[in-house]
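Heads up: the structure comes next, in structure tokens.
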Amino acid sequence: MRKKYLSALLFGALLFASAGTFTSCKDYDDDINNLQEQINTIASSLNDLKTKVESMGGVKDVTFADGVLTVTTDAGSATYTIPDKVGITKVELKDGVLYVDGVEAGKAQTVEVKDGILYIDGEAQELNVNFDSNVVAVIDKAAGIYTLTVNNETIELPIAYATVTVKTAGNNTYFTENTLGIPNTGAGVGIHWARATKDVTWDGPKGNITKDMLVVGQIKGVEVSVRPVTFDLTTAELGLISSTGVVAPVTVKAWAGQDNGPIHTTSRVSVNDLQHGDYALTVELNKDLTDRQVVESFATADGNANVKYALTVNGVKATDYVYVIDTQLKADAQLAAPEVDGDKLCFGGVSGTYYDLPVGTHKISYADGRVYDVKVEIDPSSESDAKVYGLSVDTQAGTITIGEKALERSFKLKVTLIDVNGNISNTKVVEVRFAERTSQTVELEASQYTVTPAQVKDIVIDLGDTFTSLTDEEAITIKYPWNIDWTTEDTNFLVEQTTLTRLGHSDPEIDMTGGIVYYEDEACTKPINKDDFADGEAVKKIRYAKIPVNPAHGCTDNFGNFVTSTGYNTRATTGEHLLKLTLKRYTGVGAGDTQVTIKTVNVPVHVTMPTWDEVFKTTTQWNGNTYVTRLSNVDITNRLVNISMDAFGDVNNEWLGAHNSIVVKELKYTDKEGREQVAGAEGGLVSTPVELDYSALTNGTAESGKLAFTTMNAVAEYVIGGVSDFTIQKEFTVQLKSIFEDAAFTATSAKINNSRIIEGLKIGLNGHEVNVNSNDFMYLGYTNPDATIGQFVFRPSSSPVSIGTADEIYYKLVAECSSLTNPQASLVADGVQITGTAGNIETGKGGTFTIVFTDAMGVQTTAKINFTK
């Protein structure tokens, strides 16, 4: 009777551990192994889910319904089906015998379940019984971690914003006074402020001023770009923190688009500039700051410089320490408010009286740092026009809303100012006009692209209704495909910036396929050819664009040379990248001809990585999750030995032998003294075959007949397309086999005849076999790692063994038989003869015959078989 450890699936099942309170009545090794394999499979699946989610940019949400776990990321969703109740689901005690799913498992006195926990003879077991599958998600914003627990199995996933990239726009990193004429690229005059000396009634957006209140003037914002563009910075908790961990005493607010702030205190940047995912940041000083704190809180301890801050997003540092909050060294003491200047009135960060703004709602501000607040109202003379043409002002919110019909029309507004000292200006009527935009900006949903070593893997962009919504006039005036421009904002997209633009113009020097091609269908089987662009109806059918990008794709030039197309940009990165598509109208021929923009389209492309198992499959040399490899290329003279690490093959046969470029990044083992050692090049890449330390492997082998270590931990690595950021890795266990290890009789038992000869015995190893007799037992074939066939040479030996060449296998014959005195075994022409100095083997009796092999490493392998007469 042996105590056993019985285990079942982690998900919704019982982990049933012997606590010494009952005695097993059966050998459950097979059951245990099968169940453990299921555990390993499920744990592996959960880790695969983790790898997939991490490659998709982080977790935005987790839902669990109907047995399906869905993890939503910026790049899409990953799902995993969780078994409801699997493995052991029923435990019973009948007449003192314990049954698990109807199978007798042991003896016990009592079995009961309390609050979902199994107790055997009063002792609680390790896991609950039959509890339903459950998912618990805990968010740690500071750490950027989403901890996901599924039925007691826990994985950690990055929160979506932990992978958000925030970049400064130019050198605009100073929060200073907002004043016309101050460059946006550096520090201007410090932020104006004062301490209120009396109560002031004010019905503008910021409300009344009360005595002793800290009053702060208009502050210039800064610009940032956020990727992926699907991340909404306005919903995040923002802050500024110094390198010493001090949080700036301000409130940071994000405004979507570069049309708020205020920022642009002179002319606005081009309306065609990329804006999706761009934000303006403003700060408000904490109201409880003392005068001294206003001066000193944002300066270094010696007061000689401004503190530099990093932006934090939901508690996670998202930028370098580049931001400065610059305040005036003393309070303002103005006797009167500034006069209203219409050129300083800002809508959405744009100043002046002619506003080039998109339709929508925009923040109102005023470009004068001395001003605390601005109140804008529609003048009675324009109230009717405002109602008809869709212009409105929310005085309390401090915003203006521009309707479509308000474009290219003038309106009169009443403007009143209040400065930081509580002085209120005279109200002035300002006439403003809104520009008519000649082009439309369209935002598309993010296209997904997973990098692979595939032979054909171009980027397919879903253009939505970009072309289908064109008017007939717009469609026909595009006329040529090179009137469609493609650009990208950064240097890290799959296709290099200049190449992308040239591909858009179908430059044959760059891509032999003719550049970017447009299609009617998602499968890209119905192209719109160059000549079709003269037909507006054909142009309006465009729904998809294919950008050639694959490194393995190409053709043969006129000289017979193979030329690749666009290969991955070596600086490419994962995550979201923003492309811009500009449709232009060809207006005619002549000196005055110009191209007029019809519309611009922002095209986010989310680049993700595949999991290792989506690219590579394991070879037949695996046992479960362990790669089994045999010692080869043994050089006894120079004490060298190798192992093959060809553990993987391509999932897709079209991937041009990608597995041949896999390298072993790390290969470690624990030596006989318990120290961790590195095989192959220390700290670098090692190829296959890998050379192992002969001395370390054979340390103690002479005494034990075994290798000093047989388990290694490996990390394999593959770089997709030669791009360092496109690197995938796989951690796995390696099991070492010696040269002749596992050799065994092909039969499980044998018969001995009246002449005491065992006939028909065969020894086999890895698909090769040899007859055990004096004529045949001389050589045994084997397959080399390169698939060539070699031969082991058998040498009879006496102890101690004198090792010869690597292919020589020494053997010793051993016989055991209680019916014989001094039993011996020898090879004869018909097989193996068992002899003794006295005695006979009766019918039904027998013994054992053993061959002890010793290979060139000194490792002993025993092949044993029972025989009977």
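Ligands are numbered from 1 in the order shown, chains are lettered A, B, ... in the order of the structure tokens, and residues start at 1 in each chain.
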
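Near stretch 763-778 of chain A, within 9 Å and counting only C-alpha atoms, sit Phe740, Glu741, Asp742, Ala743, Ala744, Phe745, Thr746, Ala747, Glu759, Tyr782, Thr783, Phe792, Val793, Phe794, Arg795, Ser826, Leu827, Val828, Ala829, Asp830, Gly831, Val832 and Ala863 of chain A; same-chain residues fewer than 4 positions away were not included.
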
Go ahead and write the selection's residues with N, CA and C atoms as a short mmCIF file (atom, residue, chain, number, x, y, z; two decimals), in the first residue's frame.
data_model
loop_
_atom_site.label_atom_id
_atom_site.label_comp_id
_atom_site.auth_asym_id
_atom_site.auth_seq_id
_atom_site.Cartn_x
_atom_site.Cartn_y
_atom_site.Cartn_z
N PHE A 740 23.48 6.35 -25.87
CA PHE A 740 22.79 5.08 -26.06
C PHE A 740 21.66 4.90 -25.05
N GLU A 741 21.30 5.97 -24.39
CA GLU A 741 20.24 5.88 -23.39
C GLU A 741 18.93 5.48 -24.04
N ASP A 742 18.11 4.72 -23.33
CA ASP A 742 16.79 4.25 -23.76
C ASP A 742 16.83 3.01 -24.64
N ALA A 743 18.02 2.47 -24.93
CA ALA A 743 18.06 1.21 -25.68
C ALA A 743 17.35 0.13 -24.87
N ALA A 744 16.52 -0.68 -25.52
CA ALA A 744 15.70 -1.66 -24.78
C ALA A 744 15.32 -2.81 -25.69
N PHE A 745 14.96 -3.93 -25.05
CA PHE A 745 14.45 -5.06 -25.81
C PHE A 745 13.11 -4.68 -26.43
N THR A 746 12.90 -5.12 -27.64
CA THR A 746 11.65 -4.78 -28.32
C THR A 746 10.50 -5.64 -27.82
N ALA A 747 10.79 -6.77 -27.18
CA ALA A 747 9.75 -7.62 -26.59
C ALA A 747 9.75 -7.42 -25.08
N GLU A 759 15.77 -17.34 -28.15
CA GLU A 759 15.85 -16.99 -29.56
C GLU A 759 14.96 -15.76 -29.87
N TYR A 782 21.79 4.28 -36.43
CA TYR A 782 21.17 5.45 -35.77
C TYR A 782 21.10 6.58 -36.78
N THR A 783 20.19 7.53 -36.53
CA THR A 783 19.98 8.67 -37.41
C THR A 783 20.64 9.90 -36.83
N PHE A 792 26.33 2.32 -34.55
CA PHE A 792 26.98 2.01 -33.29
C PHE A 792 27.73 0.69 -33.46
N VAL A 793 28.88 0.61 -32.83
CA VAL A 793 29.68 -0.63 -32.86
C VAL A 793 29.66 -1.23 -31.46
N PHE A 794 29.21 -2.50 -31.33
CA PHE A 794 29.14 -3.14 -30.03
C PHE A 794 30.48 -3.82 -29.70
N ARG A 795 30.97 -3.57 -28.48
CA ARG A 795 32.21 -4.17 -28.01
C ARG A 795 31.94 -4.87 -26.68
N SER A 826 25.72 -15.91 -22.61
CA SER A 826 26.65 -15.71 -23.71
C SER A 826 25.88 -15.71 -25.02
N LEU A 827 26.47 -15.06 -26.03
CA LEU A 827 25.84 -14.99 -27.34
C LEU A 827 26.26 -16.21 -28.16
N VAL A 828 25.26 -16.81 -28.79
CA VAL A 828 25.52 -17.92 -29.71
C VAL A 828 24.81 -17.61 -31.01
N ALA A 829 25.05 -18.45 -32.01
CA ALA A 829 24.50 -18.18 -33.34
C ALA A 829 22.99 -18.07 -33.32
N ASP A 830 22.32 -18.84 -32.44
CA ASP A 830 20.85 -18.84 -32.42
C ASP A 830 20.26 -17.82 -31.47
N GLY A 831 21.07 -17.18 -30.63
CA GLY A 831 20.53 -16.22 -29.69
C GLY A 831 21.39 -16.06 -28.46
N VAL A 832 20.75 -16.13 -27.28
CA VAL A 832 21.43 -15.95 -26.00
C VAL A 832 21.31 -17.26 -25.23
N ALA A 863 19.24 -2.93 -20.26
CA ALA A 863 18.11 -3.55 -20.93
C ALA A 863 17.85 -4.90 -20.28
#

Do you know which residues are at most 9 Å from A:Arg756 counting only C-alpha atoms, after dropping those on the same chain fewer than 6 positions away, and could you put them as a PyMOL selection string?
-> chain A and resi 832-835+841+869

Go ahead and save the residues from that selection, with N, CA, C and O atoms, as a PDB file, in the first residue's frame.
ATOM      1  N   VAL A 832      20.750 -16.127 -27.279  1.00  0.00           N
ATOM      2  CA  VAL A 832      21.435 -15.950 -25.998  1.00  0.00           C
ATOM      3  C   VAL A 832      21.311 -17.259 -25.231  1.00  0.00           C
ATOM      4  O   VAL A 832      20.201 -17.750 -24.980  1.00  0.00           O
ATOM      5  N   GLN A 833      22.478 -17.803 -24.856  1.00  0.00           N
ATOM      6  CA  GLN A 833      22.460 -19.062 -24.107  1.00  0.00           C
ATOM      7  C   GLN A 833      22.711 -18.776 -22.628  1.00  0.00           C
ATOM      8  O   GLN A 833      23.640 -18.039 -22.268  1.00  0.00           O
ATOM      9  N   ILE A 834      21.845 -19.375 -21.787  1.00  0.00           N
ATOM     10  CA  ILE A 834      21.963 -19.253 -20.339  1.00  0.00           C
ATOM     11  C   ILE A 834      22.559 -20.555 -19.801  1.00  0.00           C
ATOM     12  O   ILE A 834      22.009 -21.642 -20.046  1.00  0.00           O
ATOM     13  N   THR A 835      23.673 -20.461 -19.096  1.00  0.00           N
ATOM     14  CA  THR A 835      24.325 -21.647 -18.540  1.00  0.00           C
ATOM     15  C   THR A 835      24.568 -21.459 -17.061  1.00  0.00           C
ATOM     16  O   THR A 835      24.411 -20.367 -16.526  1.00  0.00           O
ATOM     17  N   ILE A 841      16.590 -25.845 -15.482  1.00  0.00           N
ATOM     18  CA  ILE A 841      15.432 -24.939 -15.511  1.00  0.00           C
ATOM     19  C   ILE A 841      14.216 -25.771 -15.859  1.00  0.00           C
ATOM     20  O   ILE A 841      14.143 -26.386 -16.934  1.00  0.00           O
ATOM     21  N   LYS A 869      10.699 -20.970 -19.287  1.00  0.00           N
ATOM     22  CA  LYS A 869      10.785 -22.175 -20.118  1.00  0.00           C
ATOM     23  C   LYS A 869       9.378 -22.715 -20.364  1.00  0.00           C
ATOM     24  O   LYS A 869       8.557 -22.760 -19.450  1.00  0.00           O
TER      25      LYS A 869
END

Could you write out, as a PyMOL selection string, all the residues of stretch 190-382 of chain A that DSSP marks as strand (DSSP E)?
-> chain A and resi 193-195+214-216+222-227+238-242+250-256+278-285+308-313+316-317+323-325+345-347+350-351+354-355+360-366+371-378

Min atom-atom distance to A:Thr574 from the set A:Val723, A:Leu697, A:Leu503, A:Val678, counting only C-alpha atoms, belongs to A:Val723

Which of stretch 182-331 of chain A DSSP labels helix (DSSP H, G or I), written as a PyMOL selection string = chain A and resi 233-235+291-296

Atoms to include: N, CA, C and O atoms. Write the selected residues as a PDB file, in the first residue's frame.
ATOM      1  N   LEU A 233      -7.269  60.425 -23.538  1.00  0.00           N
ATOM      2  CA  LEU A 233      -6.526  61.057 -22.452  1.00  0.00           C
ATOM      3  C   LEU A 233      -7.431  61.909 -21.565  1.00  0.00           C
ATOM      4  O   LEU A 233      -7.119  62.149 -20.396  1.00  0.00           O
ATOM      5  N   THR A 234      -8.565  62.355 -22.096  1.00  0.00           N
ATOM      6  CA  THR A 234      -9.449  63.209 -21.297  1.00  0.00           C
ATOM      7  C   THR A 234     -10.114  62.441 -20.165  1.00  0.00           C
ATOM      8  O   THR A 234     -10.625  63.046 -19.221  1.00  0.00           O
ATOM      9  N   THR A 235     -10.142  61.116 -20.252  1.00  0.00           N
ATOM     10  CA  THR A 235     -10.774  60.307 -19.202  1.00  0.00           C
ATOM     11  C   THR A 235      -9.770  59.846 -18.156  1.00  0.00           C
ATOM     12  O   THR A 235     -10.144  59.208 -17.177  1.00  0.00           O
ATOM     13  N   ASP A 291       0.889  82.503  -0.780  1.00  0.00           N
ATOM     14  CA  ASP A 291       1.670  83.334  -1.700  1.00  0.00           C
ATOM     15  C   ASP A 291       3.092  82.796  -1.838  1.00  0.00           C
ATOM     16  O   ASP A 291       3.653  82.760  -2.933  1.00  0.00           O
ATOM     17  N   ARG A 292       3.669  82.401  -0.737  1.00  0.00           N
ATOM     18  CA  ARG A 292       5.033  81.894  -0.774  1.00  0.00           C
ATOM     19  C   ARG A 292       5.110  80.591  -1.582  1.00  0.00           C
ATOM     20  O   ARG A 292       6.053  80.368  -2.334  1.00  0.00           O
ATOM     21  N   GLN A 293       4.101  79.759  -1.418  1.00  0.00           N
ATOM     22  CA  GLN A 293       4.089  78.504  -2.159  1.00  0.00           C
ATOM     23  C   GLN A 293       3.931  78.732  -3.661  1.00  0.00           C
ATOM     24  O   GLN A 293       4.501  77.998  -4.469  1.00  0.00           O
ATOM     25  N   VAL A 294       3.164  79.745  -4.049  1.00  0.00           N
ATOM     26  CA  VAL A 294       3.019  80.060  -5.463  1.00  0.00           C
ATOM     27  C   VAL A 294       4.379  80.369  -6.077  1.00  0.00           C
ATOM     28  O   VAL A 294       4.682  79.975  -7.207  1.00  0.00           O
ATOM     29  N   VAL A 295       5.218  81.071  -5.318  1.00  0.00           N
ATOM     30  CA  VAL A 295       6.537  81.455  -5.812  1.00  0.00           C
ATOM     31  C   VAL A 295       7.525  80.295  -5.742  1.00  0.00           C
ATOM     32  O   VAL A 295       8.318  80.080  -6.651  1.00  0.00           O
ATOM     33  N   GLU A 296       7.466  79.513  -4.650  1.00  0.00           N
ATOM     34  CA  GLU A 296       8.524  78.534  -4.391  1.00  0.00           C
ATOM     35  C   GLU A 296       8.195  77.092  -4.785  1.00  0.00           C
ATOM     36  O   GLU A 296       9.105  76.284  -4.977  1.00  0.00           O
TER      37      GLU A 296
END

One-decimal distance in Å that lies between atom CA of A:Val719 and atom CA of A:Gln735 | 25.3 Å
